[in-house]
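A.B. asks: Here it is, the structure, as structure tokens.
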Amino acid sequence: MTATHAPTPRTDPQETAPAVPRERRRIWGTAGFHIGAGLLSALWLLPIALVLVTSVRSFDDVAAHGVGSLPHSFTLDGFRQAWVDGGQQRALINSLLVTVPTVLLSLLLASTAAFALSRYDVPLRRTLLLMMLGGNLLPPQILLVPVSKLSELLGLYDSLYALIGVQVGFGIGFYVFVLHGFMRSIPPEIQQAAVIDGAGPWQIYTRIILPLAKPAMAALSALSFTWIFNDLLWAITVLRTDSQMPITASLIGLQGQYVSMWNVIAAGSVIAAAPTVVVFVKFQRHFVAGLNLGAVK
């Protein structure tokens with residue numbers, strides 16, 4: 001009898017060739033990502049750091065060594081000049097007088113409109129939403145002259161009321177569109193249970209929908225505050241007097257007043273950016289929560 005031999009299994013050369021361990025590849029990939037993100041962050045933060053350092057330097061230091069040199073002095077005189085002599089104090093008050101009422105009024109009107117459009121069968125609901133979305137797609141530059149003429153006809157030109165009206169009118173469509181999508185995702189059983197308990201539309205809106213929409217409202221509050229506070233286009237369109245100008249338009253006048261005093265201009269820029277930074281830090285937790293909820297839904 002002849003012995004039978006089992007066939008020898010064939011080995012793949014690629015399986016026996018030495019391969020980089022998966023753990024090592026993961027570590028190198030993570031390290032490369034963090035290094036690249038760190039370099040990009042440093043590149044983005046470099047201009048901000050340059051402005052901060054320049055704002056606390058003296059004019060003689062900047063003039064003698066240049067803007068990009070290491071600081072040889074420390075002084076807050078640039079902030080005093082920008083705040084008092086440069087008119088930043090009044091300009092900051094004007095910006096807050098415009099921004100805070102505009103944010104509150106815009107979110108109030110947008111939330112009520114979004115509640116009605118998302119929870120009830122309003123006639124032409126889809127058409128209204130498309131009109132609001134389409135209005136946000138129009139470039140604002142083509143509306144500068146009509147808005148300026150309309151504010152003159154209404155007797156509001158060169159007043160903060162005109163700027164508030166413009167900001168509310170051009171922002172409410174986007175806010176309604178965002179809040180509509182968020183409120184529409186709230187389960188209808190919650191509203192039905194409230195109706196059974198005898199709650200009316202206003203009670204449903206104030207006690208149920210608004211608390212559930214708090215993350216979206218907080219996120220929109222931070223965004224709208226930043227957009228309105230940093231706006232320049234509409235400010236120089238409907239305002240003319242220097243005493244009525246907000247902080248962004250005041251920076252242009254500050255640059256013309258202190259042409260070569262970069263420390264004063266940098267200090268004015270820091271003053272203008274401080275409120276938006278404070279608002280973002282305050283609403284950061286709600287802002288991230290709103291983005292996460294919107295992404296999941």
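Naming works like this for the structure tokens: A, B, ... for the chains as they're shown, residue 1 at the start of each chain, ligands 1 onward in shown order.
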Can you tell me which residues surround range 155-167 of chain A at a distance of at most 10 Å, considering only C-alpha atoms, apart from same-chain residues fewer than 2 positions away, and format the answer as a CSV table (one decimal) with N, CA and C atoms, in the first residue's frame?
C.D. replies:
```csv
chain,number,residue,atom,x,y,z
A,94,ASN,N,-23.2,102.2,21.7
A,94,ASN,CA,-24.1,102.1,20.5
A,94,ASN,C,-24.2,100.7,20.0
A,95,SER,N,-23.1,100.0,20.0
A,95,SER,CA,-23.2,98.6,19.5
A,95,SER,C,-24.1,97.7,20.4
A,97,LEU,N,-26.5,98.8,22.4
A,97,LEU,CA,-27.9,99.3,22.2
A,97,LEU,C,-28.5,98.8,21.0
A,98,VAL,N,-27.8,98.4,20.0
A,98,VAL,CA,-28.3,97.9,18.8
A,98,VAL,C,-28.4,96.3,18.9
A,99,THR,N,-27.3,95.7,19.4
A,99,THR,CA,-27.2,94.3,19.3
A,99,THR,C,-28.1,93.6,20.3
A,100,VAL,N,-28.2,94.0,21.5
A,100,VAL,CA,-29.0,93.3,22.5
A,100,VAL,C,-30.5,93.4,22.2
A,101,PRO,N,-31.1,94.5,21.9
A,101,PRO,CA,-32.5,94.5,21.5
A,101,PRO,C,-32.8,93.8,20.2
A,102,THR,N,-31.8,93.8,19.3
A,102,THR,CA,-32.0,93.1,18.0
A,102,THR,C,-32.0,91.6,18.2
A,103,VAL,N,-31.1,91.1,19.0
A,103,VAL,CA,-31.1,89.7,19.3
A,103,VAL,C,-32.4,89.2,20.0
A,105,LEU,N,-35.4,90.7,20.1
A,105,LEU,CA,-36.6,90.9,19.3
A,105,LEU,C,-36.6,89.8,18.1
A,106,SER,N,-35.4,89.6,17.5
A,106,SER,CA,-35.3,88.6,16.4
A,106,SER,C,-35.7,87.2,16.9
A,147,VAL,N,-32.7,100.2,0.9
A,147,VAL,CA,-32.9,100.3,2.4
A,147,VAL,C,-32.6,101.7,2.9
A,148,SER,N,-31.6,102.4,2.3
A,148,SER,CA,-31.2,103.7,2.7
A,148,SER,C,-32.4,104.7,2.3
A,149,LYS,N,-32.9,104.6,1.1
A,149,LYS,CA,-34.1,105.4,0.7
A,149,LYS,C,-35.3,105.2,1.6
A,150,LEU,N,-35.6,103.9,1.9
A,150,LEU,CA,-36.7,103.6,2.8
A,150,LEU,C,-36.6,104.2,4.2
A,151,SER,N,-35.4,104.1,4.7
A,151,SER,CA,-35.2,104.7,6.1
A,151,SER,C,-35.3,106.2,6.1
A,152,GLU,N,-35.0,106.8,4.9
A,152,GLU,CA,-35.2,108.3,4.8
A,152,GLU,C,-36.7,108.6,4.8
A,153,LEU,N,-37.4,107.8,4.0
A,153,LEU,CA,-38.9,108.1,3.8
A,153,LEU,C,-39.6,107.8,5.2
A,169,GLY,N,-34.9,92.7,10.2
A,169,GLY,CA,-35.6,92.3,9.0
A,169,GLY,C,-34.7,91.3,8.2
A,170,PHE,N,-33.4,91.5,8.2
A,170,PHE,CA,-32.6,90.6,7.4
A,170,PHE,C,-32.1,89.4,8.1
A,171,GLY,N,-32.3,89.3,9.4
A,171,GLY,CA,-31.9,88.1,10.1
A,171,GLY,C,-33.0,87.1,10.5
A,172,ILE,N,-34.2,87.6,10.6
A,172,ILE,CA,-35.3,86.8,11.1
A,172,ILE,C,-35.6,85.6,10.2
A,224,SER,N,-26.1,85.2,16.4
A,224,SER,CA,-26.7,86.5,16.0
A,224,SER,C,-26.0,87.6,16.7
A,227,TRP,N,-22.8,88.2,14.7
A,227,TRP,CA,-23.1,88.8,13.4
A,227,TRP,C,-23.5,90.2,13.5
A,228,ILE,N,-24.4,90.5,14.4
A,228,ILE,CA,-24.9,91.9,14.5
A,228,ILE,C,-23.8,92.8,15.0
A,231,ASP,N,-21.2,93.7,12.5
A,231,ASP,CA,-21.6,94.2,11.2
A,231,ASP,C,-21.1,95.6,10.9
A,234,TRP,N,-24.3,97.5,7.1
A,234,TRP,CA,-25.6,98.2,7.3
A,234,TRP,C,-25.4,99.5,8.2
A,235,ALA,N,-24.4,99.4,9.1
A,235,ALA,CA,-24.1,100.6,9.9
A,235,ALA,C,-23.7,101.8,9.1
A,236,ILE,N,-22.9,101.7,8.1
A,236,ILE,CA,-22.5,102.8,7.3
A,236,ILE,C,-23.5,103.1,6.2
A,237,THR,N,-24.5,102.3,6.1
A,237,THR,CA,-25.6,102.5,5.1
A,237,THR,C,-26.7,103.4,5.7
A,238,VAL,N,-27.1,103.1,6.9
A,238,VAL,CA,-28.2,103.9,7.5
A,238,VAL,C,-27.8,104.9,8.5
A,239,LEU,N,-26.5,105.0,8.8
A,239,LEU,CA,-26.0,105.9,9.8
A,239,LEU,C,-25.0,106.9,9.2
A,240,ARG,N,-25.0,108.1,9.7
A,240,ARG,CA,-24.1,109.1,9.1
A,240,ARG,C,-23.3,109.9,10.2
A,241,THR,N,-23.9,110.1,11.4
A,241,THR,CA,-23.3,110.9,12.4
A,241,THR,C,-22.3,110.0,13.2
A,242,ASP,N,-21.1,110.6,13.5
A,242,ASP,CA,-20.1,109.8,14.2
A,242,ASP,C,-20.6,109.4,15.6
A,244,GLN,N,-23.4,108.3,16.4
A,244,GLN,CA,-24.3,107.1,16.3
A,244,GLN,C,-23.6,105.9,15.8
A,245,MET,N,-22.4,105.9,15.4
A,245,MET,CA,-21.7,104.8,14.8
A,245,MET,C,-21.4,103.7,15.8
A,246,PRO,N,-21.5,102.4,15.5
A,246,PRO,CA,-21.2,101.3,16.3
A,246,PRO,C,-19.7,101.1,16.4
```
A.B. asks: Would you return as a PyMOL selection string the members of range 93-208 of chain A that DSSP assigns to alpha helix (DSSP H) on this structure's backbone?
C.D. replies: chain A and resi 93-119+125-137+144-153+160-184+188-196+201-204
A.B. asks: Have a look at A:Ile252, A:Ser111, A:Phe225, A:Leu124 and name the one nearest to Leu212 in chain A; count only C-alpha atoms.
C.D. replies: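 Closest residue, counting only C-alpha atoms: A:Ser111.
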A.B. asks: Find the residues near Thr54 in chain A: any atom within 9 Å, counting only C-alpha atoms, skip ones fewer than 3 places away on the same chain, and give them as a list in words.
C.D. replies: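 My list of contacting residues is Ala49, Leu50, Val51, Arg57, Ser58, Val62, Val67, Gly68, Pro71, Trp262, Asn263, Val264, Ala266 and Ala267 of chain A.
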A.B. asks: Can you pull out every residue within 12 Å of Ala273 in chain A, counting only C-alpha atoms, but drop anything in the same chain fewer than 2 positions away, and send it as a PDB file with all heavy atoms, in the first residue's frame?
C.D. replies:
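Output contents, as saved in result-v2.pdb:
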```
ATOM      1  N   ILE A  48      -3.748  87.058  16.035  1.00  0.00           N
ATOM      2  CA  ILE A  48      -4.397  87.492  17.269  1.00  0.00           C
ATOM      3  C   ILE A  48      -3.361  87.812  18.330  1.00  0.00           C
ATOM      4  O   ILE A  48      -3.463  88.825  19.044  1.00  0.00           O
ATOM      5  CB  ILE A  48      -5.375  86.407  17.757  1.00  0.00           C
ATOM      6  CG1 ILE A  48      -6.433  86.139  16.694  1.00  0.00           C
ATOM      7  CG2 ILE A  48      -6.019  86.803  19.071  1.00  0.00           C
ATOM      8  CD1 ILE A  48      -7.396  85.029  17.058  1.00  0.00           C
ATOM      9  N   VAL A  51      -1.740  91.165  17.580  1.00  0.00           N
ATOM     10  CA  VAL A  51      -2.575  92.308  17.955  1.00  0.00           C
ATOM     11  C   VAL A  51      -2.554  92.516  19.467  1.00  0.00           C
ATOM     12  O   VAL A  51      -2.451  93.656  19.955  1.00  0.00           O
ATOM     13  CB  VAL A  51      -4.013  92.104  17.446  1.00  0.00           C
ATOM     14  CG1 VAL A  51      -4.938  93.179  17.996  1.00  0.00           C
ATOM     15  CG2 VAL A  51      -4.042  92.122  15.926  1.00  0.00           C
ATOM     16  N   LEU A  52      -2.655  91.438  20.232  1.00  0.00           N
ATOM     17  CA  LEU A  52      -2.643  91.564  21.689  1.00  0.00           C
ATOM     18  C   LEU A  52      -1.326  92.140  22.195  1.00  0.00           C
ATOM     19  O   LEU A  52      -1.312  93.003  23.081  1.00  0.00           O
ATOM     20  CB  LEU A  52      -2.901  90.198  22.326  1.00  0.00           C
ATOM     21  CG  LEU A  52      -4.312  89.619  22.161  1.00  0.00           C
ATOM     22  CD1 LEU A  52      -4.380  88.206  22.720  1.00  0.00           C
ATOM     23  CD2 LEU A  52      -5.335  90.505  22.852  1.00  0.00           C
ATOM     24  N   GLN A  88     -14.161 105.098  21.521  1.00  0.00           N
ATOM     25  CA  GLN A  88     -14.583 103.707  21.583  1.00  0.00           C
ATOM     26  C   GLN A  88     -15.645 103.463  22.653  1.00  0.00           C
ATOM     27  O   GLN A  88     -16.461 102.553  22.514  1.00  0.00           O
ATOM     28  CB  GLN A  88     -13.368 102.811  21.853  1.00  0.00           C
ATOM     29  CG  GLN A  88     -12.345 102.764  20.724  1.00  0.00           C
ATOM     30  CD  GLN A  88     -12.881 102.021  19.528  1.00  0.00           C
ATOM     31  OE1 GLN A  88     -13.469 102.613  18.635  1.00  0.00           O
ATOM     32  NE2 GLN A  88     -12.682 100.734  19.500  1.00  0.00           N
ATOM     33  N   LEU A  92     -18.986 101.591  21.645  1.00  0.00           N
ATOM     34  CA  LEU A  92     -19.338 100.304  22.241  1.00  0.00           C
ATOM     35  C   LEU A  92     -20.748 100.334  22.818  1.00  0.00           C
ATOM     36  O   LEU A  92     -21.508  99.356  22.691  1.00  0.00           O
ATOM     37  CB  LEU A  92     -18.327  99.943  23.329  1.00  0.00           C
ATOM     38  CG  LEU A  92     -18.528  98.596  24.026  1.00  0.00           C
ATOM     39  CD1 LEU A  92     -18.467  97.457  23.025  1.00  0.00           C
ATOM     40  CD2 LEU A  92     -17.489  98.401  25.130  1.00  0.00           C
ATOM     41  N   SER A  95     -23.143  99.971  19.956  1.00  0.00           N
ATOM     42  CA  SER A  95     -23.206  98.589  19.471  1.00  0.00           C
ATOM     43  C   SER A  95     -24.073  97.727  20.377  1.00  0.00           C
ATOM     44  O   SER A  95     -24.869  96.908  19.901  1.00  0.00           O
ATOM     45  CB  SER A  95     -21.795  97.999  19.377  1.00  0.00           C
ATOM     46  OG  SER A  95     -21.045  98.637  18.366  1.00  0.00           O
ATOM     47  N   PHE A 225     -25.587  87.441  17.944  1.00  0.00           N
ATOM     48  CA  PHE A 225     -24.857  88.502  18.631  1.00  0.00           C
ATOM     49  C   PHE A 225     -23.551  88.804  17.903  1.00  0.00           C
ATOM     50  O   PHE A 225     -23.182  89.970  17.698  1.00  0.00           O
ATOM     51  CB  PHE A 225     -24.572  88.093  20.075  1.00  0.00           C
ATOM     52  CG  PHE A 225     -23.958  89.188  20.908  1.00  0.00           C
ATOM     53  CD1 PHE A 225     -24.755  90.001  21.686  1.00  0.00           C
ATOM     54  CD2 PHE A 225     -22.578  89.404  20.909  1.00  0.00           C
ATOM     55  CE1 PHE A 225     -24.194  91.016  22.457  1.00  0.00           C
ATOM     56  CE2 PHE A 225     -22.015  90.409  21.666  1.00  0.00           C
ATOM     57  CZ  PHE A 225     -22.820  91.227  22.447  1.00  0.00           C
ATOM     58  N   THR A 226     -22.852  87.764  17.490  1.00  0.00           N
ATOM     59  CA  THR A 226     -21.582  87.963  16.783  1.00  0.00           C
ATOM     60  C   THR A 226     -21.806  88.649  15.441  1.00  0.00           C
ATOM     61  O   THR A 226     -21.078  89.583  15.084  1.00  0.00           O
ATOM     62  CB  THR A 226     -20.884  86.615  16.576  1.00  0.00           C
ATOM     63  OG1 THR A 226     -20.695  85.984  17.849  1.00  0.00           O
ATOM     64  CG2 THR A 226     -19.533  86.808  15.901  1.00  0.00           C
ATOM     65  N   TRP A 227     -22.797  88.193  14.678  1.00  0.00           N
ATOM     66  CA  TRP A 227     -23.052  88.775  13.360  1.00  0.00           C
ATOM     67  C   TRP A 227     -23.458  90.244  13.468  1.00  0.00           C
ATOM     68  O   TRP A 227     -22.946  91.090  12.731  1.00  0.00           O
ATOM     69  CB  TRP A 227     -24.142  87.987  12.641  1.00  0.00           C
ATOM     70  CG  TRP A 227     -23.739  86.601  12.264  1.00  0.00           C
ATOM     71  CD1 TRP A 227     -22.463  86.145  12.099  1.00  0.00           C
ATOM     72  CD2 TRP A 227     -24.606  85.496  11.994  1.00  0.00           C
ATOM     73  NE1 TRP A 227     -22.474  84.817  11.758  1.00  0.00           N
ATOM     74  CE2 TRP A 227     -23.764  84.383  11.681  1.00  0.00           C
ATOM     75  CE3 TRP A 227     -25.982  85.320  11.997  1.00  0.00           C
ATOM     76  CZ2 TRP A 227     -24.284  83.132  11.367  1.00  0.00           C
ATOM     77  CZ3 TRP A 227     -26.490  84.072  11.682  1.00  0.00           C
ATOM     78  CH2 TRP A 227     -25.655  83.005  11.370  1.00  0.00           C
ATOM     79  N   PHE A 229     -23.134  92.389  16.070  1.00  0.00           N
ATOM     80  CA  PHE A 229     -22.128  93.237  16.714  1.00  0.00           C
ATOM     81  C   PHE A 229     -20.983  93.557  15.759  1.00  0.00           C
ATOM     82  O   PHE A 229     -20.436  94.665  15.782  1.00  0.00           O
ATOM     83  CB  PHE A 229     -21.586  92.538  17.963  1.00  0.00           C
ATOM     84  CG  PHE A 229     -20.740  93.411  18.832  1.00  0.00           C
ATOM     85  CD1 PHE A 229     -21.307  94.180  19.833  1.00  0.00           C
ATOM     86  CD2 PHE A 229     -19.367  93.473  18.662  1.00  0.00           C
ATOM     87  CE1 PHE A 229     -20.534  94.994  20.637  1.00  0.00           C
ATOM     88  CE2 PHE A 229     -18.575  94.279  19.458  1.00  0.00           C
ATOM     89  CZ  PHE A 229     -19.166  95.045  20.451  1.00  0.00           C
ATOM     90  N   ASN A 230     -20.612  92.610  14.915  1.00  0.00           N
ATOM     91  CA  ASN A 230     -19.484  92.802  13.993  1.00  0.00           C
ATOM     92  C   ASN A 230     -19.897  93.374  12.646  1.00  0.00           C
ATOM     93  O   ASN A 230     -19.051  93.515  11.759  1.00  0.00           O
ATOM     94  CB  ASN A 230     -18.751  91.479  13.769  1.00  0.00           C
ATOM     95  CG  ASN A 230     -18.044  90.991  15.009  1.00  0.00           C
ATOM     96  OD1 ASN A 230     -17.640  91.793  15.859  1.00  0.00           O
ATOM     97  ND2 ASN A 230     -17.878  89.683  15.138  1.00  0.00           N
ATOM     98  N   ILE A 247     -19.239 100.107  17.053  1.00  0.00           N
ATOM     99  CA  ILE A 247     -17.814  99.899  17.302  1.00  0.00           C
ATOM    100  C   ILE A 247     -17.052  99.561  16.029  1.00  0.00           C
ATOM    101  O   ILE A 247     -15.900  99.971  15.863  1.00  0.00           O
ATOM    102  CB  ILE A 247     -17.622  98.789  18.363  1.00  0.00           C
ATOM    103  CG1 ILE A 247     -16.199  98.770  18.889  1.00  0.00           C
ATOM    104  CG2 ILE A 247     -18.046  97.437  17.819  1.00  0.00           C
ATOM    105  CD1 ILE A 247     -15.854  99.892  19.800  1.00  0.00           C
ATOM    106  N   THR A 248     -17.667  98.827  15.099  1.00  0.00           N
ATOM    107  CA  THR A 248     -16.958  98.451  13.879  1.00  0.00           C
ATOM    108  C   THR A 248     -16.688  99.660  12.996  1.00  0.00           C
ATOM    109  O   THR A 248     -15.593  99.803  12.447  1.00  0.00           O
ATOM    110  CB  THR A 248     -17.782  97.417  13.103  1.00  0.00           C
ATOM    111  OG1 THR A 248     -19.137  97.878  12.963  1.00  0.00           O
ATOM    112  CG2 THR A 248     -17.785  96.089  13.825  1.00  0.00           C
ATOM    113  N   LEU A 251     -13.933 101.876  14.383  1.00  0.00           N
ATOM    114  CA  LEU A 251     -12.552 101.444  14.132  1.00  0.00           C
ATOM    115  C   LEU A 251     -11.981 102.098  12.881  1.00  0.00           C
ATOM    116  O   LEU A 251     -10.779 102.379  12.811  1.00  0.00           O
ATOM    117  CB  LEU A 251     -12.497  99.916  13.995  1.00  0.00           C
ATOM    118  CG  LEU A 251     -12.537  99.115  15.298  1.00  0.00           C
ATOM    119  CD1 LEU A 251     -12.564  97.627  14.992  1.00  0.00           C
ATOM    120  CD2 LEU A 251     -11.328  99.449  16.160  1.00  0.00           C
ATOM    121  N   ALA A 266      -4.505  98.708  17.569  1.00  0.00           N
ATOM    122  CA  ALA A 266      -4.602  97.347  18.087  1.00  0.00           C
ATOM    123  C   ALA A 266      -5.431  97.301  19.362  1.00  0.00           C
ATOM    124  O   ALA A 266      -6.230  96.375  19.564  1.00  0.00           O
ATOM    125  CB  ALA A 266      -3.201  96.786  18.337  1.00  0.00           C
ATOM    126  N   ALA A 267      -5.267  98.294  20.230  1.00  0.00           N
ATOM    127  CA  ALA A 267      -6.073  98.338  21.452  1.00  0.00           C
ATOM    128  C   ALA A 267      -7.556  98.506  21.125  1.00  0.00           C
ATOM    129  O   ALA A 267      -8.417  97.873  21.753  1.00  0.00           O
ATOM    130  CB  ALA A 267      -5.589  99.478  22.341  1.00  0.00           C
ATOM    131  N   GLY A 268      -7.874  99.348  20.149  1.00  0.00           N
ATOM    132  CA  GLY A 268      -9.262  99.493  19.732  1.00  0.00           C
ATOM    133  C   GLY A 268      -9.832  98.204  19.167  1.00  0.00           C
ATOM    134  O   GLY A 268     -11.010  97.883  19.386  1.00  0.00           O
ATOM    135  N   SER A 269      -9.026  97.440  18.449  1.00  0.00           N
ATOM    136  CA  SER A 269      -9.482  96.151  17.915  1.00  0.00           C
ATOM    137  C   SER A 269      -9.764  95.160  19.036  1.00  0.00           C
ATOM    138  O   SER A 269     -10.729  94.386  18.968  1.00  0.00           O
ATOM    139  CB  SER A 269      -8.432  95.584  16.963  1.00  0.00           C
ATOM    140  OG  SER A 269      -8.181  96.472  15.891  1.00  0.00           O
ATOM    141  N   VAL A 270      -8.919  95.172  20.069  1.00  0.00           N
ATOM    142  CA  VAL A 270      -9.151  94.281  21.215  1.00  0.00           C
ATOM    143  C   VAL A 270     -10.439  94.657  21.931  1.00  0.00           C
ATOM    144  O   VAL A 270     -11.225  93.783  22.326  1.00  0.00           O
ATOM    145  CB  VAL A 270      -7.944  94.333  22.171  1.00  0.00           C
ATOM    146  CG1 VAL A 270      -8.232  93.548  23.440  1.00  0.00           C
ATOM    147  CG2 VAL A 270      -6.696  93.783  21.494  1.00  0.00           C
ATOM    148  N   ILE A 271     -10.674  95.952  22.105  1.00  0.00           N
ATOM    149  CA  ILE A 271     -11.916  96.405  22.748  1.00  0.00           C
ATOM    150  C   ILE A 271     -13.131  95.979  21.928  1.00  0.00           C
ATOM    151  O   ILE A 271     -14.153  95.538  22.477  1.00  0.00           O
ATOM    152  CB  ILE A 271     -11.888  97.934  22.925  1.00  0.00           C
ATOM    153  CG1 ILE A 271     -10.791  98.335  23.916  1.00  0.00           C
ATOM    154  CG2 ILE A 271     -13.238  98.449  23.403  1.00  0.00           C
ATOM    155  CD1 ILE A 271     -10.597  99.833  24.030  1.00  0.00           C
ATOM    156  N   PRO A 275     -16.412  91.887  23.600  1.00  0.00           N
ATOM    157  CA  PRO A 275     -17.787  91.436  23.891  1.00  0.00           C
ATOM    158  C   PRO A 275     -18.172  90.134  23.197  1.00  0.00           C
ATOM    159  O   PRO A 275     -18.842  89.288  23.801  1.00  0.00           O
ATOM    160  CB  PRO A 275     -18.648  92.609  23.401  1.00  0.00           C
ATOM    161  CG  PRO A 275     -17.752  93.794  23.471  1.00  0.00           C
ATOM    162  CD  PRO A 275     -16.405  93.274  23.093  1.00  0.00           C
ATOM    163  N   THR A 276     -17.789  89.953  21.945  1.00  0.00           N
ATOM    164  CA  THR A 276     -18.139  88.718  21.247  1.00  0.00           C
ATOM    165  C   THR A 276     -17.428  87.518  21.856  1.00  0.00           C
ATOM    166  O   THR A 276     -18.001  86.420  21.917  1.00  0.00           O
ATOM    167  CB  THR A 276     -17.789  88.836  19.760  1.00  0.00           C
ATOM    168  OG1 THR A 276     -16.393  89.180  19.619  1.00  0.00           O
ATOM    169  CG2 THR A 276     -18.617  89.905  19.094  1.00  0.00           C
ATOM    170  N   VAL A 277     -16.204  87.707  22.315  1.00  0.00           N
ATOM    171  CA  VAL A 277     -15.480  86.612  22.970  1.00  0.00           C
ATOM    172  C   VAL A 277     -16.178  86.231  24.269  1.00  0.00           C
ATOM    173  O   VAL A 277     -16.343  85.040  24.589  1.00  0.00           O
ATOM    174  CB  VAL A 277     -14.019  87.013  23.227  1.00  0.00           C
ATOM    175  CG1 VAL A 277     -13.303  85.944  24.042  1.00  0.00           C
ATOM    176  CG2 VAL A 277     -13.285  87.236  21.914  1.00  0.00           C
ATOM    177  N   VAL A 278     -16.609  87.225  25.034  1.00  0.00           N
ATOM    178  CA  VAL A 278     -17.302  86.957  26.292  1.00  0.00           C
ATOM    179  C   VAL A 278     -18.611  86.210  26.040  1.00  0.00           C
ATOM    180  O   VAL A 278     -18.934  85.238  26.741  1.00  0.00           O
ATOM    181  CB  VAL A 278     -17.562  88.275  27.049  1.00  0.00           C
ATOM    182  CG1 VAL A 278     -18.447  88.030  28.263  1.00  0.00           C
ATOM    183  CG2 VAL A 278     -16.239  88.900  27.482  1.00  0.00           C
ATOM    184  N   VAL A 279     -19.357  86.619  25.033  1.00  0.00           N
ATOM    185  CA  VAL A 279     -20.629  85.962  24.728  1.00  0.00           C
ATOM    186  C   VAL A 279     -20.402  84.525  24.284  1.00  0.00           C
ATOM    187  O   VAL A 279     -21.125  83.607  24.701  1.00  0.00           O
ATOM    188  CB  VAL A 279     -21.393  86.758  23.648  1.00  0.00           C
ATOM    189  CG1 VAL A 279     -22.575  85.961  23.112  1.00  0.00           C
ATOM    190  CG2 VAL A 279     -21.869  88.081  24.215  1.00  0.00           C
ATOM    191  N   PHE A 280     -19.397  84.295  23.459  1.00  0.00           N
ATOM    192  CA  PHE A 280     -19.134  82.935  22.997  1.00  0.00           C
ATOM    193  C   PHE A 280     -18.708  82.040  24.149  1.00  0.00           C
ATOM    194  O   PHE A 280     -19.144  80.883  24.245  1.00  0.00           O
ATOM    195  CB  PHE A 280     -18.063  82.941  21.911  1.00  0.00           C
ATOM    196  CG  PHE A 280     -17.740  81.567  21.394  1.00  0.00           C
ATOM    197  CD1 PHE A 280     -18.577  80.944  20.485  1.00  0.00           C
ATOM    198  CD2 PHE A 280     -16.604  80.893  21.820  1.00  0.00           C
ATOM    199  CE1 PHE A 280     -18.290  79.673  20.011  1.00  0.00           C
ATOM    200  CE2 PHE A 280     -16.311  79.626  21.353  1.00  0.00           C
ATOM    201  CZ  PHE A 280     -17.161  79.015  20.444  1.00  0.00           C
TER     202      PHE A 280
END
```
A.B. asks: Could you work out how far CA of Gly181 in chain A lies from CA of Ile208 in chain A, giving the answer in Å with one decimal?
C.D. replies: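 Result for CA of Ile208 in chain A versus CA of Gly181 in chain A: 16.2 Å, one decimal.
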A.B. asks: Tell me, as a PyMOL selection string, which residues lie within 10 Å of Asp85 in chain A, counting only C-alpha atoms; anything in the same chain fewer than 6 positions away does not count.
C.D. replies: chain A and resi 79+254+257
A.B. asks: Tell me, in Å to one decimal, how far CA of Ala193 in chain A is from CA of Arg125 in chain A.
C.D. replies: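 Taking CA of Ala193 in chain A as the start and CA of Arg125 in chain A as the end point, the length is 24.3 Å.
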A.B. asks: Quick one: of A:Pro188, A:Gly256, A:Gly78, A:Pro21, who's nearest to Arg119 in chain A, counting only C-alpha atoms?
C.D. replies: A:Pro188
A.B. asks: Near Gly173 in chain A, counting only C-alpha atoms, which residues have an atom at most 12 Å away, once you skip same-chain residues fewer than 3 positions from it, shown as a VMD selection string?
C.D. replies: chain A and resid 106 to 107 109 to 111 113 to 114 128 to 138 167 to 170 176 to 180
A.B. asks: Pick from A:Val281, A:Ala272, A:Leu233, A:Leu39: nearest to Ile142 in chain A, with only C-alpha atoms counted?
C.D. replies: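 Selected residue with least distance to Ile142 in chain A: A:Leu233.
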